[in-house]
Amino acid sequence: MYFVCLQASSLIKPETIDRWILFKWYSCYPIHYLAQATMPDLKQEKYKNWYPFTFLISMIWISFYSYIMVWMITLIGTTLGIPDTVMGLTFVAAGVSVPDALSSLAVVREGYSDMAVSNAVGSNVFDILICLGLPWFLQTAIIKPGSHVNVYSKGLIYSTVSLLSTVVFLVVATHLNGWKLDKKYGIVLMLWYIFFICFASLYELNVFGEMNPPECHSDY
């Protein structure tokens, strides 16, 4: 006898009285509905070769949600008087890195620790070279040819040096731990992240000097 395991659709309301589960379902329902309405199910035989189209639509949705996220975070930061660089170091960075963390968690559970490390390093290389290079290229070569983009944060020098030191720390810590990923290693990396975020944010908040120019007054 063969048993077929069918994954429950995310559009079906869960049969539970747990308010937190119901709240999450109602909150995510519009996203799930739009995704299933615009992207074919590749598990079906007739759509198995539609993966380029599905990938393209996925990129469009990711771009749309990323724009909304950055807009909301910028609005919150402006309202609370928090510089854009601090919001970028914390909320934006965490928001865009959650998928990487989940994918690394998934492959680690399967025993592919090398893939998790490669994913973390590769995603950061992509973020720096493509996610910075492509927007600047489009802005200065296509949207406003001959223009340039100004960077107003002197604290970015500290952030860049900290990033390089983080890479060195990663290699050294991995070597000292015998090239093994364990509980102690994970705790050390998380503590290093907290240390980096705290000091980088303090730099951007002008605690150690005038790194960011004062923001222009706005009535909005």
# chains A, B, ... in the order shown; residues from 1 in each chain; ligands from 1

call {"tool": "closest_atom_pairs", "arguments": {"of": "segment 161-202 of chain A", "to": "segment 88-91 of chain A", "cutoff": "9 Å", "atoms": "only C-alpha atoms", "output": "Markdown table"}}
result
| residue | atom | partner | partner_atom | distance |
| --- | --- | --- | --- | --- |
| A:Ile197 | CA | A:Leu89 | CA | 7.2 |
| A:Ala200 | CA | A:Leu89 | CA | 7.9 |
| A:Ser201 | CA | A:Leu89 | CA | 7.4 |

call {"tool": "closest_residue", "arguments": {"among": "A:Lys180, A:Lys48, A:Lys144, A:His175", "to": "Ser113 of chain A", "atoms": "only C-alpha atoms"}}
result
A:Lys180

call {"tool": "residues_around", "arguments": {"residues": "Met39 of chain A", "least_positions_apart": "5", "cutoff": "8 Å", "atoms": "only C-alpha atoms", "output": "list in words"}}
result
Phe53, Thr54, Ile57 and Ser58 of chain A

call {"tool": "write_last_selection", "arguments": {"atoms": "C-alpha atoms", "output": "PDB file, in the first residue's frame"}}
result
ATOM      1  CA  PHE A  53       8.512  32.230 -15.144  1.00  0.00           C
ATOM      2  CA  THR A  54       8.027  31.333 -11.485  1.00  0.00           C
ATOM      3  CA  ILE A  57       7.549  36.424 -10.624  1.00  0.00           C
ATOM      4  CA  SER A  58       9.253  35.561  -7.338  1.00  0.00           C
TER       5      SER A  58
END

call {"tool": "closest_atom_pairs", "arguments": {"of": "segment 32-124 of chain A", "to": "segment 164-168 of chain A", "cutoff": "12 Å", "atoms": "only C-alpha atoms", "output": "Markdown table"}}
result
| residue | atom | partner | partner_atom | distance |
| --- | --- | --- | --- | --- |
| A:Val117 | CA | A:Val167 | CA | 11.8 |
| A:Ala120 | CA | A:Val167 | CA | 11.0 |
| A:Val121 | CA | A:Val167 | CA | 8.9 |
| A:Asn124 | CA | A:Val167 | CA | 10.6 |

call {"tool": "residues_around", "arguments": {"residues": "Ser104 of chain A", "least_positions_apart": "2", "cutoff": "10 Å", "atoms": "only C-alpha atoms", "output": "list in words"}}
result
Val98, Pro99, Asp100, Ala101, Leu102, Ala106, Val107, Val108, Arg109, Glu110, Tyr112, Ser113, Asp114, Met115, Ala116, Val117, Ser118, Asn119 and Ala120 of chain A
